[in-house]
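Content type compact mmCIF, C-alpha atoms, from the file target-v5.txt:
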# COMPACT_ATOMS: atom_id res chain seq x y z
CA MET A 24 4.10 -49.73 -67.63
CA ASN A 25 7.35 -50.39 -69.46
CA CYS A 26 9.92 -53.04 -68.48
CA SER A 27 12.36 -50.51 -67.00
CA THR A 28 9.78 -49.16 -64.56
CA SER A 29 8.54 -52.67 -63.95
CA ARG A 30 12.02 -53.78 -62.80
CA GLU A 31 12.32 -50.86 -60.41
CA TYR A 32 8.98 -51.86 -58.95
CA LEU A 33 10.00 -55.52 -58.93
CA ALA A 34 13.03 -54.67 -56.80
CA LEU A 35 10.59 -53.43 -54.15
CA TRP A 36 7.87 -55.99 -54.76
CA VAL A 37 10.26 -58.93 -54.24
CA GLU A 38 10.65 -58.02 -50.55
CA GLY A 39 7.15 -56.66 -50.00
CA ASP A 40 8.15 -52.98 -50.11
CA LEU A 41 5.96 -51.95 -53.03
CA PRO A 42 2.98 -49.81 -51.96
CA GLY A 43 -0.38 -51.54 -52.46
CA THR A 44 -1.59 -49.13 -55.11
CA GLN A 45 1.30 -50.12 -57.40
CA VAL A 46 1.17 -53.87 -56.78
CA GLN A 47 -1.82 -54.42 -59.03
CA VAL A 48 -0.25 -52.48 -61.92
CA MET A 49 2.94 -54.50 -61.41
CA GLU A 50 1.12 -57.83 -61.51
CA GLU A 51 -0.77 -56.86 -64.64
CA HIS A 52 2.52 -56.13 -66.36
CA LEU A 53 4.09 -59.40 -65.17
CA ALA A 54 1.17 -61.35 -66.55
CA SER A 55 1.89 -60.03 -70.02
CA CYS A 56 5.75 -59.88 -69.96
CA PRO A 57 7.79 -63.13 -69.84
CA ALA A 58 11.10 -61.20 -69.67
CA CYS A 59 10.02 -59.43 -66.50
CA ARG A 60 8.85 -62.74 -65.03
CA THR A 61 12.33 -64.16 -65.63
CA PHE A 62 13.82 -61.02 -64.13
CA ARG A 63 11.62 -61.46 -61.07
CA THR A 64 12.94 -65.02 -60.56
CA GLU A 65 16.57 -63.87 -60.91
CA LEU A 66 15.99 -60.99 -58.54
CA ALA A 67 14.43 -63.29 -55.95
CA ASP A 68 17.53 -65.52 -56.21
CA SER A 69 19.99 -62.67 -55.80
CA GLN A 70 17.99 -61.35 -52.84
CA ALA A 71 17.99 -64.79 -51.23
CA ARG A 72 21.76 -64.93 -51.59
CA PHE A 73 22.22 -61.42 -50.30
CA ARG A 74 20.14 -62.18 -47.24
CA THR A 75 22.46 -65.02 -46.27
CA LEU A 76 24.61 -62.25 -44.76
CA ILE A 77 22.04 -62.17 -41.95
CA ASP A 78 23.45 -65.46 -40.67
CA GLU A 79 27.04 -64.31 -40.89
CA PRO A 80 28.73 -65.28 -37.62
CA VAL A 81 30.03 -62.57 -35.36
CA ASN A 82 33.70 -62.24 -34.49
CA VAL A 83 33.46 -62.59 -30.70
CA GLU A 84 37.06 -61.54 -30.26
CA ALA A 85 36.33 -58.27 -32.06
CA LEU A 86 33.35 -57.66 -29.79
CA ASP A 87 35.52 -58.20 -26.70
CA LYS A 88 38.15 -55.82 -28.04
CA ILE A 89 35.58 -53.11 -28.73
CA ARG A 90 33.96 -53.47 -25.31
CA GLU A 91 37.26 -53.40 -23.44
CA ALA A 92 38.56 -50.44 -25.41
CA VAL A 93 35.35 -48.49 -24.86
CA LEU A 94 35.31 -49.20 -21.14
CA VAL A 95 38.95 -48.13 -20.79
CA ARG A 96 38.39 -44.96 -22.80
CA THR A 97 35.23 -44.00 -20.95
CA ARG A 98 36.84 -44.75 -17.58
CA ARG A 99 39.64 -42.34 -18.46
CA GLY A 100 37.05 -39.81 -19.53
CA SER A 101 35.04 -40.32 -16.35
CA LYS A 102 38.10 -39.65 -14.17
CA THR A 103 38.64 -36.40 -15.94
CA ALA A 104 35.00 -35.49 -15.72
CA GLY A 105 34.68 -36.51 -12.12
CA GLY A 106 37.88 -34.85 -10.97
CA LYS A 107 38.30 -31.35 -9.70
CA ARG A 108 36.84 -29.05 -12.28
CA PRO A 109 38.67 -25.82 -13.02
CA LEU A 110 36.93 -22.67 -11.85
CA MET A 111 37.45 -20.98 -15.19
CA PRO A 112 38.13 -22.28 -18.67
CA ALA A 113 41.76 -22.40 -19.82
CA TRP A 114 41.39 -19.35 -22.06
CA ALA A 115 40.33 -17.24 -19.09
CA TYR A 116 43.53 -18.12 -17.24
CA THR A 117 45.59 -17.24 -20.32
CA ALA A 118 43.81 -13.92 -20.74
CA ALA A 119 44.29 -13.10 -17.06
CA ALA A 120 48.02 -13.89 -17.27
CA ALA A 121 48.41 -11.73 -20.40
CA LEU A 122 46.60 -8.85 -18.71
CA LEU A 123 48.82 -9.14 -15.63
CA ILE A 124 52.00 -9.11 -17.74
CA ALA A 125 50.77 -6.09 -19.69
CA LEU A 126 49.97 -4.25 -16.45
CA ILE A 127 53.39 -5.00 -14.97
CA GLY A 128 55.09 -3.92 -18.20
CA TRP A 129 53.16 -0.68 -18.37
CA THR A 130 53.91 0.10 -14.73
CA ALA A 131 57.62 -0.55 -15.22
CA LEU A 132 58.05 1.33 -18.48
CA ARG A 133 55.79 4.32 -18.04
CA PRO A 134 57.51 7.71 -17.44
CA SER A 135 58.18 8.30 -13.77
CA PRO A 136 56.25 11.21 -12.27
CA GLU A 137 59.52 12.25 -10.52
CA ALA A 138 61.01 13.12 -13.88
CA GLU A 139 58.41 15.72 -14.59
CA PRO A 140 60.07 18.63 -12.71
CA VAL A 141 63.36 17.92 -14.42
CA ARG A 142 61.68 18.15 -17.79
CA THR A 143 60.23 21.44 -16.75
CA ALA A 144 63.64 22.55 -15.61
CA GLN A 145 65.18 21.49 -18.87
CA VAL A 146 62.85 23.72 -20.78
CA GLU A 147 63.57 26.61 -18.47
CA ALA A 148 67.28 25.99 -18.31
CA VAL A 149 68.18 25.66 -21.94
CA PRO A 150 69.71 28.94 -23.02
CA GLU A 151 69.25 30.43 -26.38
CA GLU A 152 71.99 29.20 -28.62
CA PRO A 153 74.14 32.13 -29.75
CA GLU A 154 74.45 32.50 -33.43
CA VAL A 155 77.92 34.00 -33.29
CA LEU A 156 80.32 32.97 -30.62
CA PRO A 157 82.67 35.57 -29.06
CA ALA A 158 86.45 35.51 -29.37
CA PRO A 159 88.38 32.85 -27.40
CA GLU A 160 89.62 34.96 -24.51
CA VAL A 161 88.17 33.16 -21.55
CA ALA A 162 89.53 30.35 -19.46
CA PRO A 163 90.48 27.14 -21.16
CA PRO A 164 87.68 24.67 -21.50
CA GLU A 165 87.13 21.85 -19.10
CA PRO A 166 88.56 18.67 -20.51
CA VAL A 167 85.83 16.86 -22.32
CA THR A 168 86.91 13.41 -23.23
CA GLN A 169 83.55 12.16 -24.35
CA PRO A 170 81.95 14.10 -27.18
CA GLU A 171 78.60 12.45 -26.58
CA PRO A 172 76.44 14.10 -23.93
CA VAL A 173 76.27 12.35 -20.60
CA ALA A 174 73.72 12.98 -17.94
CA VAL A 175 75.04 12.71 -14.43
CA ALA A 176 72.99 12.63 -11.34
CA ALA A 177 75.20 12.95 -8.32
CA ILE A 178 73.22 11.27 -5.63
CA THR A 179 74.97 10.59 -2.40
CA GLU A 180 72.07 8.88 -0.78
CA ALA A 181 69.34 6.75 -2.12
CA PRO A 182 66.59 9.02 -3.33
CA ALA A 183 63.43 8.80 -1.41
CA PRO A 184 60.15 9.68 -2.96
CA PRO A 185 58.87 12.25 -3.48
CA ALA A 186 61.65 13.61 -5.60
CA PRO A 187 63.24 16.81 -4.37
CA ALA A 188 61.92 19.90 -5.97
CA ILE A 189 64.30 21.91 -8.02
CA VAL A 190 64.91 25.20 -6.29
CA GLU A 191 67.68 26.74 -8.32
CA THR A 192 69.09 26.38 -11.76
CA GLU A 193 72.66 27.34 -12.47
CA THR A 194 73.96 27.29 -15.98
CA VAL A 195 77.65 26.61 -16.30
CA VAL A 196 78.89 27.41 -19.73
CA ALA A 197 81.83 25.18 -20.05
CA ASP A 198 83.19 26.95 -23.04
CA ALA A 199 80.62 28.92 -24.81
CA THR A 200 83.23 30.59 -26.91
CA LEU A 201 84.44 27.40 -28.49
CA ASN A 202 82.97 25.75 -31.47
CA ARG A 203 79.63 23.95 -31.58
CA THR A 204 81.04 20.57 -30.57
CA GLN A 205 81.60 21.77 -27.00
CA SER A 206 79.15 20.93 -24.21
CA LEU A 207 76.88 23.07 -22.06
CA THR A 208 76.40 21.89 -18.47
CA VAL A 209 73.36 22.82 -16.43
CA LYS A 210 73.50 22.28 -12.67
CA LEU A 211 70.15 21.77 -11.00
CA LEU A 212 70.01 22.35 -7.24
CA THR A 213 67.16 20.81 -5.34
CA ASP A 214 65.70 21.38 -1.90
CA ASP A 215 67.54 18.25 -0.84
CA PRO A 216 71.19 19.23 -0.39
CA ASN A 217 72.25 15.70 -1.13
CA VAL A 218 70.77 15.76 -4.62
CA VAL A 219 72.37 17.79 -7.34
CA ILE A 220 71.54 17.15 -10.96
CA TYR A 221 74.00 17.94 -13.70
CA TRP A 222 72.56 18.30 -17.17
CA VAL A 223 75.04 18.21 -20.00
CA VAL A 224 73.90 19.48 -23.38
CA ASP A 225 76.01 19.34 -26.47
CA GLN A 226 75.85 22.16 -28.93
CA VAL A 227 74.94 20.02 -31.83
CA GLY A 228 71.48 19.61 -30.47
CA GLY A 229 71.44 16.32 -28.66
CA MET A 230 70.81 16.38 -24.95
CA GLU A 231 70.58 14.03 -22.00
CA MET B 11 27.81 -56.43 -13.36
CA LEU B 12 24.07 -56.59 -13.12
CA PRO B 13 22.58 -58.70 -10.36
CA MET B 14 21.72 -62.21 -11.52
CA THR B 15 18.06 -61.66 -10.75
CA THR B 16 17.78 -58.92 -13.32
CA PRO B 17 16.32 -60.31 -16.52
CA ALA B 18 18.57 -59.87 -19.50
CA PRO B 19 17.54 -56.77 -21.40
CA THR B 20 16.28 -57.42 -24.86
CA ASP B 21 16.63 -55.21 -27.81
CA GLU B 22 13.61 -53.23 -28.76
CA ARG B 23 12.10 -51.73 -31.87
CA GLY B 24 8.81 -50.56 -30.47
CA PRO B 25 8.17 -49.18 -27.04
CA ALA B 26 11.24 -49.15 -24.83
CA ASP B 27 12.04 -52.36 -22.98
CA PRO B 28 11.61 -51.61 -19.23
CA ASN B 29 14.86 -53.40 -18.37
CA LEU B 30 16.74 -51.49 -21.01
CA LEU B 31 15.08 -48.29 -19.85
CA LEU B 32 16.38 -48.92 -16.34
CA LEU B 33 19.84 -49.63 -17.70
CA ILE B 34 19.81 -46.44 -19.72
CA ARG B 35 18.90 -44.38 -16.67
CA ARG B 36 21.58 -46.04 -14.56
CA ALA B 37 24.21 -45.73 -17.28
CA ALA B 38 23.33 -42.08 -17.84
CA ALA B 39 23.82 -41.53 -14.11
CA GLY B 40 27.35 -42.97 -14.36
CA ASP B 41 26.76 -46.65 -13.56
CA ARG B 42 29.52 -48.39 -15.52
CA ALA B 43 28.04 -51.88 -15.13
CA ALA B 44 24.81 -50.64 -16.66
CA PHE B 45 26.72 -49.06 -19.52
CA GLU B 46 28.59 -52.30 -20.14
CA ALA B 47 25.27 -54.15 -20.22
CA ILE B 48 23.96 -51.72 -22.85
CA ILE B 49 27.10 -52.28 -24.89
CA ARG B 50 26.51 -56.03 -24.74
CA VAL B 51 22.95 -55.61 -25.98
CA HIS B 52 23.98 -53.54 -28.99
CA GLU B 53 27.56 -54.54 -29.80
CA ARG B 54 26.72 -57.26 -32.30
CA ARG B 55 24.48 -55.12 -34.44
CA VAL B 56 26.87 -52.16 -34.26
CA LEU B 57 29.87 -54.24 -35.32
CA MET B 58 28.09 -56.14 -38.08
CA THR B 59 26.39 -53.05 -39.47
CA ALA B 60 29.72 -51.24 -39.47
CA LEU B 61 31.37 -54.24 -41.16
CA ARG B 62 28.78 -54.22 -43.95
CA LEU B 63 28.99 -50.48 -44.39
CA LEU B 64 32.78 -50.27 -44.33
CA GLY B 65 33.77 -53.64 -45.78
CA ASN B 66 36.61 -54.55 -43.43
CA MET B 67 36.90 -55.63 -39.82
CA ASP B 68 39.59 -53.16 -38.72
CA ASP B 69 37.54 -50.14 -39.74
CA ALA B 70 34.41 -51.76 -38.34
CA GLN B 71 36.05 -52.21 -34.93
CA ASP B 72 37.25 -48.61 -34.90
CA ALA B 73 33.77 -47.44 -35.85
CA GLY B 74 32.22 -49.68 -33.19
CA GLN B 75 34.40 -48.09 -30.51
CA ASP B 76 33.48 -44.62 -31.71
CA VAL B 77 29.78 -45.43 -31.64
CA PHE B 78 29.91 -46.52 -28.00
CA ILE B 79 32.08 -43.57 -27.00
CA TRP B 80 29.46 -41.28 -28.53
CA MET B 81 26.77 -43.26 -26.77
CA HIS B 82 28.54 -42.83 -23.43
CA ARG B 83 28.82 -39.10 -24.03
CA TYR B 84 25.27 -38.49 -25.16
CA LEU B 85 23.32 -41.08 -23.21
CA PRO B 86 22.36 -38.52 -20.53
CA ARG B 87 20.62 -36.51 -23.27
CA PHE B 88 18.82 -39.50 -24.76
CA ASP B 89 15.05 -39.36 -24.54
CA SER B 90 14.34 -42.62 -22.75
CA ALA B 91 10.72 -42.54 -23.92
CA LYS B 92 12.02 -43.52 -27.36
CA PRO B 93 13.50 -46.85 -28.38
CA LEU B 94 17.29 -46.99 -28.28
CA SER B 95 17.88 -49.07 -31.43
CA PRO B 96 17.18 -46.39 -34.06
CA TRP B 97 19.45 -44.02 -32.14
CA VAL B 98 22.23 -46.62 -32.11
CA TYR B 99 21.77 -47.36 -35.81
CA ARG B 100 21.83 -43.65 -36.61
CA MET B 101 25.08 -43.19 -34.70
CA THR B 102 26.54 -46.23 -36.42
CA VAL B 103 25.64 -44.98 -39.90
CA ASN B 104 26.98 -41.50 -39.15
CA VAL B 105 30.23 -42.78 -37.66
CA CYS B 106 30.69 -45.14 -40.62
CA ARG B 107 30.04 -42.27 -43.03
CA ASP B 108 32.86 -40.32 -41.36
CA HIS B 109 35.17 -43.34 -41.53
CA TRP B 110 34.21 -43.89 -45.15
CA GLN B 111 35.04 -40.28 -46.00
CA ARG B 112 38.38 -40.54 -44.24
CA SER B 113 39.32 -43.78 -45.99
CA LYS B 114 38.12 -42.59 -49.40
CA ARG B 115 41.67 -42.03 -50.53
CA ASN B 116 42.55 -45.67 -49.84
CA ARG B 117 39.40 -46.93 -51.49
CA THR B 118 41.07 -48.46 -54.56
CA GLU B 119 43.61 -50.21 -52.38
CA ASN B 120 40.82 -51.61 -50.21
CA LEU B 121 39.07 -53.02 -53.23
CA VAL B 122 42.22 -54.66 -54.53
CA ASN B 123 42.97 -56.20 -51.14
CA PHE B 124 39.35 -56.99 -50.39
CA GLU B 125 39.10 -59.95 -48.07
CA VAL B 126 36.10 -61.40 -46.36
CA PRO B 127 36.57 -61.81 -42.60
CA SER B 128 37.61 -65.33 -41.64
CA GLU B 129 34.73 -65.63 -39.18
CA ALA B 130 32.40 -65.73 -42.19
CA THR B 131 33.20 -69.40 -42.82
CA PRO B 132 31.50 -71.33 -40.05
CA HIS B 133 31.38 -74.79 -41.62
CA ASN B 134 33.58 -77.70 -40.63
CA ASP B 135 33.48 -79.15 -44.13
CA PRO B 136 36.38 -77.47 -45.97
CA HIS B 137 34.52 -77.50 -49.32
CA ARG B 138 31.45 -75.91 -47.81
CA SER B 139 33.64 -73.43 -45.96
CA LEU B 140 35.38 -72.50 -49.17
CA ARG B 141 32.09 -72.12 -51.00
CA ALA B 142 30.63 -70.01 -48.19
CA ARG B 143 33.73 -67.86 -48.20
CA GLU B 144 33.46 -67.32 -51.94
CA ASP B 145 29.80 -66.40 -51.57
CA ARG B 146 30.63 -63.86 -48.87
CA THR B 147 33.37 -62.40 -51.01
CA ILE B 148 30.95 -61.95 -53.90
CA LEU B 149 28.32 -60.35 -51.65
CA TYR B 150 30.77 -57.98 -49.98
CA ARG B 151 32.19 -57.00 -53.36
CA ALA B 152 28.65 -56.40 -54.62
CA LEU B 153 27.95 -54.22 -51.57
CA ASP B 154 31.14 -52.33 -52.25
CA THR B 155 29.81 -51.21 -55.63
CA LEU B 156 27.04 -49.19 -53.98
CA PRO B 157 27.22 -45.53 -53.04
CA PRO B 158 27.08 -44.97 -49.25
CA LYS B 159 23.41 -43.98 -49.01
CA GLU B 160 22.15 -46.94 -51.04
CA ARG B 161 24.48 -49.22 -49.13
CA ALA B 162 23.19 -47.99 -45.78
CA ALA B 163 19.58 -48.31 -46.94
CA ILE B 164 19.90 -51.88 -48.18
CA VAL B 165 21.97 -53.07 -45.22
CA LEU B 166 19.44 -51.70 -42.75
CA ARG B 167 16.45 -53.00 -44.69
CA ASP B 168 17.58 -56.39 -46.01
CA ILE B 169 20.23 -57.49 -43.48
CA GLU B 170 19.20 -55.76 -40.28
CA GLY B 171 15.52 -56.20 -41.09
CA LEU B 172 14.29 -52.67 -40.37
CA SER B 173 11.11 -51.53 -42.11
CA THR B 174 11.27 -48.87 -44.80
CA ALA B 175 9.87 -46.33 -42.36
CA GLU B 176 12.48 -47.25 -39.73
CA VAL B 177 15.26 -47.00 -42.30
CA ALA B 178 13.96 -43.57 -43.27
CA ASP B 179 13.99 -42.56 -39.60
CA VAL B 180 17.56 -43.79 -39.08
CA LEU B 181 18.82 -42.15 -42.26
CA GLU B 182 16.79 -39.00 -41.54
CA SER B 183 15.23 -39.27 -44.94
CA SER B 184 11.75 -39.85 -46.39
CA PRO B 185 10.27 -43.32 -47.00
CA VAL B 186 9.90 -42.47 -50.70
CA THR B 187 13.61 -41.66 -51.00
CA VAL B 188 14.55 -44.76 -49.05
CA ARG B 189 12.38 -46.96 -51.30
CA SER B 190 14.08 -45.49 -54.33
CA GLN B 191 17.51 -46.16 -52.80
CA ILE B 192 16.58 -49.71 -51.86
CA SER B 193 15.21 -50.45 -55.33
CA ALA B 194 18.36 -49.14 -57.01
CA ALA B 195 20.59 -51.02 -54.58
CA ARG B 196 18.84 -54.37 -55.11
CA LEU B 197 19.12 -54.04 -58.88
CA LYS B 198 22.82 -53.19 -58.61
CA ILE B 199 23.47 -56.06 -56.21
CA LYS B 200 21.79 -58.48 -58.64
CA LYS B 201 23.86 -57.13 -61.52
CA ALA B 202 27.12 -57.25 -59.54
CA ILE B 203 26.51 -60.83 -58.42
CA GLU B 204 25.78 -61.94 -61.98
CA ARG B 205 28.85 -60.14 -63.28
CA MET B 206 31.14 -61.73 -60.70
CA GLU B 207 29.75 -65.20 -61.23
CA LYS B 208 30.38 -64.98 -64.95
CA ARG B 209 34.12 -64.45 -64.33

Now that the file is in, can you turn its structure into structure tokens?
Amino acid sequence: MNCSTSREYLALWVEGDLPGTQVQVMEEHLASCPACRTFRTELADSQARFRTLIDEPVNVEALDKIREAVLVRTRRGSKTAGGKRPLMPAWAYTAAAALLIALIGWTALRPSPEAEPVRTAQVEAVPEEPEVLPAPEVAPPEPVTQPEPVAVAAITEAPAPPAPAIVETETVVADATLNRTQSLTVKLLTDDPNVVIYWVVDQVGGME
Amino acid sequence: MLPMTTPAPTDERGPADPNLLLLIRRAAAGDRAAFEAIIRVHERRVLMTALRLLGNMDDAQDAGQDVFIWMHRYLPRFDSAKPLSPWVYRMTVNVCRDHWQRSKRNRTENLVNFEVPSEATPHNDPHRSLRAREDRTILYRALDTLPPKERAAIVLRDIEGLSTAEVADVLESSPVTVRSQISAARLKIKKAIERMEKR
């Protein structure tokens, strides 16, 4: 055994932590090594000093503070724990709210089934656009102040579902002989006499 | 509070103390007086262990609070067939390790401003008090030179008086590893004390 290993063993031996099998080897080395015997004495002194921390007095005030703080904190926790527990975790409520909003939004924004016949009518009502317009010999055009197409639904009473079915389509060519900036108006008659739908199409291609 | 007829619970290292066992069951069931009694049994060792592991009273008090909050939370899961002390020591070491990690950045500052708690000078004689205070300062500074695992091992073994096997249980390590840590720590403590006394 060399002195380095001996001192590692001594650090255990000095407090009785060295396993029995190694004690004898340790003692044999000590018997023949004065330096390690001195080291043993020094180590015993430093250990004795270190162990004086055992008698270190306790700060009673600190103990009181800890106890009071813990009791306050656990009381607060107990009230929460003992109170009315939620039926679902918070994330479940959030998910349910998000789902509800999405459902409402989808219901509000989805295309109305009442619009379907009109779309069908649009397809049927749009006339083929003439490539060459005839000479301007017909009646003067209706005054069109707004070049942009405007859809007008003349409804005299509040519409009641289901929407009236379109029974007749009448195409009124406002001025088919004029240039392409003029509008085409389609009048849609429904089975409800109070509901007449006017469909204004400009010749540029946009429609309402 | 506990009824006066109830014998004061003692701390245990072997089989569970029946009084403490009763307190644990009552505290786990929500009895606040029983929980307070358990705190009183363990508060000294928790605070002093934390003080030796962390090196200052403010951190030790914070750690002490955390230990008992954890105890309150997990006491219902505690296996009452086992002694409570190793469990409390384990929580204390783990909480202190977390505090130590958090305060790592301020470590240099702590060393510069190192101050032994004033309660460590119990003598009425001012010279003896001063000497005791200097001794404590040297010992705490020596402890502060150790890495956390060696520090925990030597505090539990030499100050708290646990056996090597108990220290290994608390630190969730092997007795061989703990012996190695204790040996290294004692040699470093000796060296640090000698170095500081030469100044």

Identify every residue of chain A that has at least one atom within 12 Å of any atom of chain B, counting all atoms listed in the file, and report the result as JSON, numbers by chain.
-> {"A": [27, 28, 29, 30, 31, 32, 33, 34, 35, 36, 37, 38, 39, 40, 41, 42, 62, 63, 64, 65, 66, 67, 68, 69, 70, 71, 72, 73, 74, 75, 76, 77, 78, 79, 80, 81, 82, 83, 84, 85, 86, 87, 88, 89, 90, 91, 92, 93, 94, 95, 96, 97, 98, 99, 100, 101, 102, 104, 105]}

How many Å lie between atom CA of B:Val188 and atom CA of B:Asn66, rounded to one decimal?
-> 24.8 Å

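Counting from atom CA of A:Cys26, the distance to atom CA of B:Glu160 is 22.2 Å.
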
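Coordinates place atom CA of B:Val98 at a distance of 13.8 Å from atom CA of B:Ala162.
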
Rank B:Val186, B:Ile164, B:Leu30, B:Leu64 by their smallest atom-to-atom distance to B:Ala47, using only C-alpha atoms, and report the top residue only.
-> B:Leu30
